[in-house]
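Written below as structure tokens is the structure these notes are about.
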Amino acid sequence: MKEKLVLVGNGMAGVRTLEELLKISPDMYDITVFGDEPHGNYNRILLSPVLAGEKKIDGIMLNEEQWYEENGIKLHTGKAVVKIDRRNRAVIAEDGTTENYDRLLLATGSNSIILPLPGNDLHGVVTFRNIRDVQTMLEISEPHKQALIIGGGLLGLEAAYALKQQGMYVTVVHLMDSLMERQLDSEAAAMLKQTLEKRGIQFLMETSTEAFLGEEKVRGVRFKGGLEIATDMVVMAVGIRPNTDLAKAANIYCERGIVVSDTMQTYDGRIYSVGECVQHKGQVYGLVAPLFEQAKVCANQLAQLGHAFYQGSTTFSKLKVTGVELFSTGDFIGDETTEEIVMKDLSKGVYKKIVLKENRIHGVVMFGDTVDGAWYYQLLRDQTDISHMRDQLLHGQAHLGDSGHGGAKSVAEMSDDMEVCGCNGVCKKDVVDAITSKGLFTLDDVRSHTKASSSCGSCTGLVEQILTFTLGGDYSEAPKVKPLCKCTDYTHNEIRQTIKSQRLISIRAVMDYLEYRTPDGCHVCRPAINYYLIAAWPDVAEDDPQSRFINERVHANIQKDGTYSVIPRIWGGLVTPKELRAIADAADKFQVSTVKITGGQRISLLGLKKNELPEVWSDLNQAGMISGYAYGKSLRTVKTCVGKEWCRFGTQDSTSMGVKLEKLTCGSWMPHKFKMAVSGCPRNCAEATIKDFGVVAVESGWELHIGGNAGVKIRATDLLCKVDTDEEVIEYCCAFIQLYREDAHYLERTAPWIERVGFSSVKQKIVEDANNRKALFDRFTESQKRAQEDPWAKHTGKDSQREFVTVERSSVHD
């Protein structure tokens, strides 16, 4: 028998939760919905175009009553729920209608703030929240001409513009000295005010309302100081307040909003909540995009999948007034720790300010030219290091040559018939019409309905700009981390979290639990899942050799002609005559065509055939030589100089330190290849400052460096800290490796990982939090003990013969 799910609130957030739930678990619940409005679910953010006469009510409906019927949902329209009986698990509407629940979803939204002033109940004093409000304003606007808006925020200015379009004389009254003070700085606010004044909207700034005048209908407003203005309509747009009355009456814990956890559950585990009524980690949200993020998480939890969690949202603001381009996001005011780059051109009406903190975007405010708003927003969300493009940042994405930008022309200036997607012949009008008529909010939605951005992807940036322009702050930005592969919709982080929370120990278990679209995965996801399993559960997880690359399975690097190279481990570049003889004997025995000294201070035997590899390793093992892991997603090399033992400049014994680190960390599987180096003095002959972990000797001890890369994209290391002793070097090194193993995505080198999560975050967890560093070190050393209980049996001798048998059954990586 199905469980019963009751939704209280038929708005966008609650119904979006149902839509997400029906996608992933359509038959799990008998669903009942209560809505206090007498119709289905509609697009609240398009009320402004309806008020302006640009749209009709029918054109903003998202889910007509037929949709509820088709999905087996019982809909109670025009019935406000007045009581929650938690003891008997039932909700009761004002007319007595009662429904029992197993799970209850509260999406009660928010209420407009009504100023507690005399005359606030007069006819003609309205708020701007729902269809009824819009209908009231339209009725008043027909025979009357004077409108007064209280509040110069987003909603107030949109109402002012819409009523001006209806032919009314509009005055905006604002308590502060600048418009939209939460979304704009003073410069942008002044430019906005000037632009709207040119359109005929008047403003009273720094003005406080005292009373609404009239008998039954409003006829005027009196302000503090005695000024009175005649009006036929007053629109109160001074803010919203989460609607918590129903929850509080049921003793559900509330503060500013209904307090929820990362799973969108209230303090009553059977009751969930989403939308404007919610408070999550002290924050409440009034834009649609965050509410849709909450909806997706809530649906995942209601479906009992349990691997999606809400972590809060980064929002941006955009005024939905035709011809007025405005964008802001983040902290665009800044403080003593931030810096600003500004561009202002009054003749063109363009203003841009970008606030930076540690070479990352901290906030943005723009007026007049917002074509790069979506790009700046993504840079802020991803916390991308912009130091390499700082000089061009204000000029926008097009200046950097990004083909996805679509040129410098703003979306507002594009003609309706301008082509957006050349691959599929889609023009701007096609995209805008699909967004507005079908209630689309995401890039994926637009792709599925129009095919724009679904082929080569070069127009993705432009489609996102059209979404931003059309929806403003309600554009539901695509997640900054893409799914692991096409087999699943889940990201690297979500899969790792699921493995831990559900204690999954095999690839089969992961794919079954996450309901993979392809039964056996692919060459992208199988190695990644295999790594995440052994990283999470090194003692019990099944390490699947079939999910390793061919190089890892045969312990040799495949070359372009199909032969292999074998590189034995040479600790710190120190080699004995016995080891040299073993290498020479192997080269003679197998007629190796090339013997090469590598850049990592080792010797490579090139040109070997696959069937020769077990015997090669067996011979080298007789001399005590093991695999150098030159092929692996693991520790590769630890490059050293001779240090103070031989070099006249050396200050510390770098060779011994390198050998210690190599022996301690060898054999540890990682997200990607990992290289280290130890230099015996600041001259840095071992090139430690372009390695994943670098150690540089100084007179007083050691400098520790992280996140270097000498590949295609060169990146110098960040200085992590200075330490005094060899023991500290080892502890910090192992802790850093373990943090990288536990946090980075599979096939993500340390350099992009640090750029993604932020150097300060890594430093805090390794240097500043000594307890966390010790815990990371302990976890690393414990995993290494298990990995080396039977040293190198996996890599040489008889066990390698068993592994080579499995190679012939695999075709994914050969």
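We label chains A, B, ... in the order they appear in the structure tokens, count residues from 1 in each chain, and number ligands from 1 in the order shown.
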
Skip Leu117 in chain A itself and residues of its chain fewer than 3 positions away, then list as a list in words all residues within 8 Å of it, counting only C-alpha atoms.
Asn120, Glu210, Ala211 and Phe212 of chain A

DSSP on the backbone: which residues in range 177-338 of chain A end up as strand (DSSP E or B)? Give the answer as number ranges by chain.
A: 202-205, 209-214, 217-223, 228-230, 233-236, 240-242, 254, 258-260, 265, 271-273, 278-280, 283, 316-317, 326-330

Counting only C-alpha atoms, what is within 9 Å of range 760-776 of chain A, bar same-chain residues fewer than 2 positions away, as JSON, numbers by chain?
{"A": [720, 721, 731, 732, 734, 735, 736, 737, 738, 739, 754, 757, 758, 778, 779, 780, 781]}

Among the residues of range 56-142 of chain A, find those DSSP assigns to alpha helix (DSSP H) from the backbone and print them as number ranges by chain.
A: 65-70, 131-141

Find, counting only C-alpha atoms, the residue in A:Met625, A:Val592, A:Val324, A:Ala107 that gets nearest to Thr370 in chain A.
A:Val324

Using only C-alpha atoms, the shortest atom-to-atom distance to Leu105 in chain A among A:Gly124, A:Pro527, A:Gly14, A:Gly269 belongs to A:Gly14
